[in-house]
>>> print(open('my_file_37.cif').read())   # mmCIF, C-alpha atoms
data_input
loop_
_atom_site.group_PDB
_atom_site.id
_atom_site.type_symbol
_atom_site.label_atom_id
_atom_site.label_comp_id
_atom_site.auth_asym_id
_atom_site.auth_seq_id
_atom_site.Cartn_x
_atom_site.Cartn_y
_atom_site.Cartn_z
ATOM 1 C CA MET B 13 -146.240 121.420 -82.171
ATOM 2 C CA THR B 14 -144.444 118.124 -82.217
ATOM 3 C CA ALA B 15 -142.025 119.350 -84.886
ATOM 4 C CA ILE B 16 -140.498 122.026 -82.670
ATOM 5 C CA PRO B 17 -139.344 119.675 -79.891
ATOM 6 C CA ALA B 18 -137.827 117.325 -82.479
ATOM 7 C CA ILE B 19 -135.734 120.161 -83.932
ATOM 8 C CA VAL B 20 -134.658 121.212 -80.470
ATOM 9 C CA LEU B 21 -133.712 117.623 -79.622
ATOM 10 C CA ARG B 22 -131.705 117.341 -82.833
ATOM 11 C CA TYR B 23 -129.705 120.488 -82.023
ATOM 12 C CA LEU B 24 -129.144 119.378 -78.430
ATOM 13 C CA GLY B 25 -128.067 115.937 -79.643
ATOM 14 C CA GLY B 26 -125.573 117.531 -82.045
ATOM 15 C CA ALA B 27 -124.155 119.753 -79.333
ATOM 16 C CA PHE B 28 -123.856 116.769 -76.988
ATOM 17 C CA ALA B 29 -122.051 114.723 -79.663
ATOM 18 C CA LEU B 30 -119.660 117.595 -80.295
ATOM 19 C CA ALA B 31 -118.903 117.878 -76.582
ATOM 20 C CA LEU B 32 -118.224 114.141 -76.372
ATOM 21 C CA ALA B 33 -115.864 114.341 -79.363
ATOM 22 C CA ALA B 34 -113.899 117.214 -77.814
ATOM 23 C CA ALA B 35 -113.604 115.618 -74.349
ATOM 24 C CA PRO B 36 -110.960 112.962 -75.267
ATOM 25 C CA ALA B 37 -108.795 115.563 -76.994
ATOM 26 C CA TYR B 38 -108.892 117.732 -73.885
ATOM 27 C CA ALA B 39 -108.147 114.770 -71.642
ATOM 28 C CA GLN B 40 -105.041 113.839 -73.655
ATOM 29 C CA GLN B 41 -103.301 117.183 -73.103
ATOM 30 C CA ASP B 42 -99.912 117.011 -71.407
ATOM 31 C CA VAL B 43 -100.329 118.271 -67.868
ATOM 32 C CA SER B 44 -97.020 116.972 -66.543
ATOM 33 C CA PRO B 45 -95.067 119.338 -64.290
ATOM 34 C CA PRO B 46 -92.181 121.287 -65.811
ATOM 35 C CA PRO B 47 -88.717 119.713 -65.602
ATOM 36 C CA PRO B 48 -86.800 120.426 -62.413
ATOM 37 C CA ILE B 49 -84.363 123.341 -62.387
ATOM 38 C CA ASP B 50 -80.727 122.288 -62.732
ATOM 39 C CA VAL B 51 -78.854 124.119 -59.978
ATOM 40 C CA ASN B 52 -75.494 122.981 -61.430
ATOM 41 C CA ALA B 53 -76.115 124.553 -64.832
ATOM 42 C CA PRO B 54 -73.651 127.281 -65.902
ATOM 43 C CA THR B 55 -74.690 130.792 -64.936
ATOM 44 C CA LEU B 56 -75.679 133.145 -67.718
ATOM 45 C CA ILE B 57 -73.716 136.387 -67.427
ATOM 46 C CA ILE B 58 -75.251 139.486 -68.937
ATOM 47 C CA GLU B 59 -72.796 142.265 -69.638
ATOM 48 C CA PRO B 60 -73.794 145.933 -69.656
ATOM 49 C CA LEU B 61 -74.165 147.705 -72.984
ATOM 50 C CA PRO B 62 -71.158 149.719 -74.169
ATOM 51 C CA GLN B 63 -71.243 153.493 -73.844
ATOM 52 C CA PRO B 64 -72.911 155.246 -76.778
ATOM 53 C CA ARG B 65 -70.585 156.706 -79.369
ATOM 54 C CA SER B 66 -70.849 159.916 -81.304
ATOM 55 C CA PRO B 67 -72.988 159.606 -84.449
ATOM 56 C CA VAL B 68 -70.593 161.917 -86.269
ATOM 57 C CA ARG B 69 -68.117 159.688 -88.090
ATOM 58 C CA SER B 70 -65.948 160.095 -91.109
ATOM 59 C CA ALA B 71 -66.903 157.718 -93.901
ATOM 60 C CA SER B 72 -63.304 156.962 -94.889
ATOM 61 C CA THR B 73 -61.588 156.286 -91.561
ATOM 62 C CA GLY B 74 -64.414 155.524 -89.177
ATOM 63 C CA LYS B 75 -62.972 158.032 -86.751
ATOM 64 C CA LYS B 76 -64.559 161.165 -85.425
ATOM 65 C CA ARG B 77 -64.311 164.141 -87.744
ATOM 66 C CA GLY B 78 -63.335 166.351 -84.927
ATOM 67 C CA SER B 79 -63.567 166.476 -81.204
ATOM 68 C CA ASP B 80 -65.301 169.832 -81.115
ATOM 69 C CA SER B 81 -68.888 169.771 -79.974
ATOM 70 C CA ASP B 82 -69.679 172.668 -82.308
ATOM 71 C CA GLN B 83 -69.535 170.356 -85.325
ATOM 72 C CA VAL B 84 -71.829 167.850 -83.630
ATOM 73 C CA GLY B 85 -74.212 170.678 -82.782
ATOM 74 C CA ARG B 86 -74.189 171.877 -86.380
ATOM 75 C CA ASP B 87 -74.879 168.362 -87.652
ATOM 76 C CA ILE B 88 -77.777 167.930 -85.239
ATOM 77 C CA ASP B 89 -79.154 171.334 -86.203
ATOM 78 C CA ALA B 90 -78.924 170.465 -89.896
ATOM 79 C CA ALA B 91 -80.761 167.196 -89.303
ATOM 80 C CA ARG B 92 -83.456 169.018 -87.322
ATOM 81 C CA ARG B 93 -83.885 171.501 -90.173
ATOM 82 C CA ARG B 94 -84.208 168.680 -92.724
ATOM 83 C CA VAL B 95 -86.874 166.970 -90.640
ATOM 84 C CA GLN B 96 -88.847 170.185 -90.180
ATOM 85 C CA SER B 97 -88.567 170.995 -93.878
ATOM 86 C CA GLY B 98 -89.842 167.523 -94.733
ATOM 87 C CA GLY B 99 -92.789 168.051 -92.376
ATOM 88 C CA ILE B 100 -93.639 171.309 -94.127
ATOM 89 C CA ASP B 101 -93.416 169.542 -97.498
ATOM 90 C CA ASN B 102 -95.869 166.913 -96.244
ATOM 91 C CA GLU B 103 -98.294 169.557 -94.942
ATOM 92 C CA ILE B 104 -98.202 171.374 -98.269
ATOM 93 C CA GLN B 105 -98.790 168.143 -100.213
ATOM 94 C CA VAL B 106 -101.760 167.160 -98.039
ATOM 95 C CA ARG B 107 -103.372 170.590 -98.481
ATOM 96 C CA GLU B 108 -102.670 170.564 -102.236
ATOM 97 C CA ASP B 109 -104.415 167.203 -102.527
ATOM 98 C CA ALA B 110 -107.370 168.525 -100.512
ATOM 99 C CA MET B 111 -107.636 171.568 -102.775
ATOM 100 C CA ASP B 112 -107.618 169.306 -105.849
ATOM 101 C CA ARG B 113 -110.489 167.293 -104.368
ATOM 102 C CA ASP B 114 -112.310 170.537 -103.505
ATOM 103 C CA ARG B 115 -111.881 171.788 -107.084
ATOM 104 C CA VAL B 116 -113.292 168.571 -108.537
ATOM 105 C CA ARG B 117 -116.232 168.619 -106.093
ATOM 106 C CA THR B 118 -116.994 172.260 -106.885
ATOM 107 C CA GLU B 119 -116.891 171.616 -110.620
ATOM 108 C CA ARG B 120 -119.202 168.641 -110.185
ATOM 109 C CA LEU B 121 -121.675 170.736 -108.165
ATOM 110 C CA ARG B 122 -121.541 173.558 -110.690
ATOM 111 C CA ALA B 123 -122.203 171.145 -113.548
ATOM 112 C CA ALA B 124 -125.127 169.590 -111.679
ATOM 113 C CA THR B 125 -126.950 172.870 -111.069
ATOM 114 C CA ASP B 126 -129.155 174.584 -113.622
ATOM 115 C CA ASP B 127 -129.159 177.889 -111.755
ATOM 116 C CA PRO B 128 -126.431 180.233 -113.087
ATOM 117 C CA HIS B 129 -126.471 182.243 -109.829
ATOM 118 C CA GLU B 130 -125.829 179.088 -107.804
ATOM 119 C CA ALA B 131 -122.970 178.113 -110.136
ATOM 120 C CA ALA B 132 -121.453 181.600 -109.773
ATOM 121 C CA ARG B 133 -121.788 181.409 -105.969
ATOM 122 C CA LEU B 134 -120.075 178.022 -105.880
ATOM 123 C CA ARG B 135 -117.259 179.339 -108.078
ATOM 124 C CA GLN B 136 -116.829 182.439 -105.900
ATOM 125 C CA GLU B 137 -116.657 180.347 -102.707
ATOM 126 C CA TYR B 138 -114.067 178.078 -104.318
ATOM 127 C CA ASN B 139 -112.007 181.108 -105.403
ATOM 128 C CA GLN B 140 -112.053 182.396 -101.816
ATOM 129 C CA ARG B 141 -110.878 179.030 -100.493
ATOM 130 C CA LEU B 142 -108.193 178.941 -103.179
ATOM 131 C CA ALA B 143 -106.955 182.433 -102.259
ATOM 132 C CA GLU B 144 -106.826 181.435 -98.584
ATOM 133 C CA HIS B 145 -104.899 178.308 -99.536
ATOM 134 C CA GLU B 146 -102.391 180.348 -101.571
ATOM 135 C CA ARG B 147 -101.780 182.647 -98.570
ATOM 136 C CA TRP B 148 -101.308 179.601 -96.337
ATOM 137 C CA ARG B 149 -98.896 178.044 -98.855
ATOM 138 C CA ASP B 150 -96.866 181.265 -99.126
ATOM 139 C CA ASP B 151 -96.578 181.316 -95.334
ATOM 140 C CA LYS B 152 -95.376 177.700 -95.323
ATOM 141 C CA GLU B 153 -92.842 178.470 -98.066
ATOM 142 C CA ARG B 154 -91.487 181.329 -95.926
ATOM 143 C CA GLN B 155 -91.231 178.952 -92.973
ATOM 144 C CA ARG B 156 -89.288 176.515 -95.126
ATOM 145 C CA GLN B 157 -86.937 179.293 -96.300
ATOM 146 C CA ASP B 158 -86.370 180.258 -92.658
ATOM 147 C CA LEU B 159 -85.158 176.687 -92.116
ATOM 148 C CA GLU B 160 -82.452 177.040 -94.763
ATOM 149 C CA PRO B 161 -79.053 176.633 -93.119
ATOM 150 C CA PRO B 162 -77.141 179.798 -92.419
ATOM 151 C CA PRO B 163 -74.208 180.528 -94.709
ATOM 152 C CA PRO B 164 -71.022 178.761 -93.602
ATOM 153 C CA ALA B 165 -68.787 180.702 -91.273
ATOM 154 C CA ASP B 166 -65.516 181.955 -92.736
ATOM 155 C CA ASP B 167 -62.699 179.947 -91.208
ATOM 156 C CA ASP B 168 -59.032 180.812 -91.566
ATOM 157 C CA ARG B 169 -57.829 177.299 -92.286
#
>>> encode(input="my_file_37.cif", output="structure tokens")
Amino acid sequence: MTAIPAIVLRYLGGAFALALAAAPAYAQQDVSPPPPIDVNAPTLIIEPLPQPRSPVRSASTGKKRGSDSDQVGRDIDAARRRVQSGGIDNEIQVREDAMDRDRVRTERLRAATDDPHEAARLRQEYNQRLAEHERWRDDKERQRQDLEPPPPADDDR
């Protein structure tokens, strides 16, 4: 029983020594007030931002390609189509990767089973998931084709 209080006293003594070591460092912190504000200092002037410019610029001259808003609308529409097409590409890639993992898992399960009926059932379920995936992919490909830009209008220039 006498060993327990000695251990407790040792830990308390260590904690007390640590507190005493930290006290001078805390006492030496700079607590002086901030410097006074100079009322004669020059005033900082903040100017408003310039008006936004059109993102449609010619690479050679730096000037607008045209003042018609139809061209800007076409450029924005083309950018929107590219973004949507990229999103469809990403969806397709994610699902393709998932189907690859599903195929590997199914093959592993089929190899692990000794029952030929169970192996056939696993293969049939995988084939159903694969057929559903192919239908989904075909639908996504059609969506991507719908995003293709329309043929250029015939201009008499």
>>> closest_residue(input="my_file_37.cif", among="B:Glu153, B:Glu59, B:Glu103, B:Glu137", to="Arg115 (chain B)", atoms="only C-alpha atoms")
B:Glu137
>>> residues_around(input="my_file_37.cif", residues="Arg135 (chain B)", least_positions_apart="5", cutoff="9 Å", atoms="all atoms listed in the file", output="number ranges by chain")
B: 118-119, 122, 130, 140
>>> residues_around(input="my_file_37.cif", residues="region 145-152 of chain B", least_positions_apart="4", cutoff="8 Å", atoms="all atoms listed in the file", output="ChimeraX atom specification")
/B:100,104,107,111,141,156
>>> resolve_selection(input="my_file_37.cif", expression="the PyMOL selection byres ((chain B and resi 93) around 12)", output="PDB file with C-alpha atoms, in the frame of the given file")
ATOM      1  CA  ARG B  86     -74.189 171.877 -86.380  1.00  0.00           C
ATOM      2  CA  ASP B  87     -74.879 168.362 -87.652  1.00  0.00           C
ATOM      3  CA  ILE B  88     -77.777 167.930 -85.239  1.00  0.00           C
ATOM      4  CA  ASP B  89     -79.154 171.334 -86.203  1.00  0.00           C
ATOM      5  CA  ALA B  90     -78.924 170.465 -89.896  1.00  0.00           C
ATOM      6  CA  ALA B  91     -80.761 167.196 -89.303  1.00  0.00           C
ATOM      7  CA  ARG B  92     -83.456 169.018 -87.322  1.00  0.00           C
ATOM      8  CA  ARG B  94     -84.208 168.680 -92.724  1.00  0.00           C
ATOM      9  CA  VAL B  95     -86.874 166.970 -90.640  1.00  0.00           C
ATOM     10  CA  GLN B  96     -88.847 170.185 -90.180  1.00  0.00           C
ATOM     11  CA  SER B  97     -88.567 170.995 -93.878  1.00  0.00           C
ATOM     12  CA  GLY B  98     -89.842 167.523 -94.733  1.00  0.00           C
ATOM     13  CA  GLY B  99     -92.789 168.051 -92.376  1.00  0.00           C
ATOM     14  CA  ILE B 100     -93.639 171.309 -94.127  1.00  0.00           C
ATOM     15  CA  GLN B 155     -91.231 178.952 -92.973  1.00  0.00           C
ATOM     16  CA  ARG B 156     -89.288 176.515 -95.126  1.00  0.00           C
ATOM     17  CA  GLN B 157     -86.937 179.293 -96.300  1.00  0.00           C
ATOM     18  CA  ASP B 158     -86.370 180.258 -92.658  1.00  0.00           C
ATOM     19  CA  LEU B 159     -85.158 176.687 -92.116  1.00  0.00           C
ATOM     20  CA  GLU B 160     -82.452 177.040 -94.763  1.00  0.00           C
ATOM     21  CA  PRO B 161     -79.053 176.633 -93.119  1.00  0.00           C
ATOM     22  CA  PRO B 162     -77.141 179.798 -92.419  1.00  0.00           C
TER      23      PRO B 162
END
>>> atom_distance(input="my_file_37.cif", atom1="CA of Asn102 (chain B)", atom2="CA of Val116 (chain B)")
21.4 Å
>>> atom_distance(input="my_file_37.cif", atom1="CA of Ala132 (chain B)", atom2="CA of Arg120 (chain B)")
13.2 Å
>>> atom_distance(input="my_file_37.cif", atom1="CA of Arg154 (chain B)", atom2="CA of Gln105 (chain B)")
15.7 Å
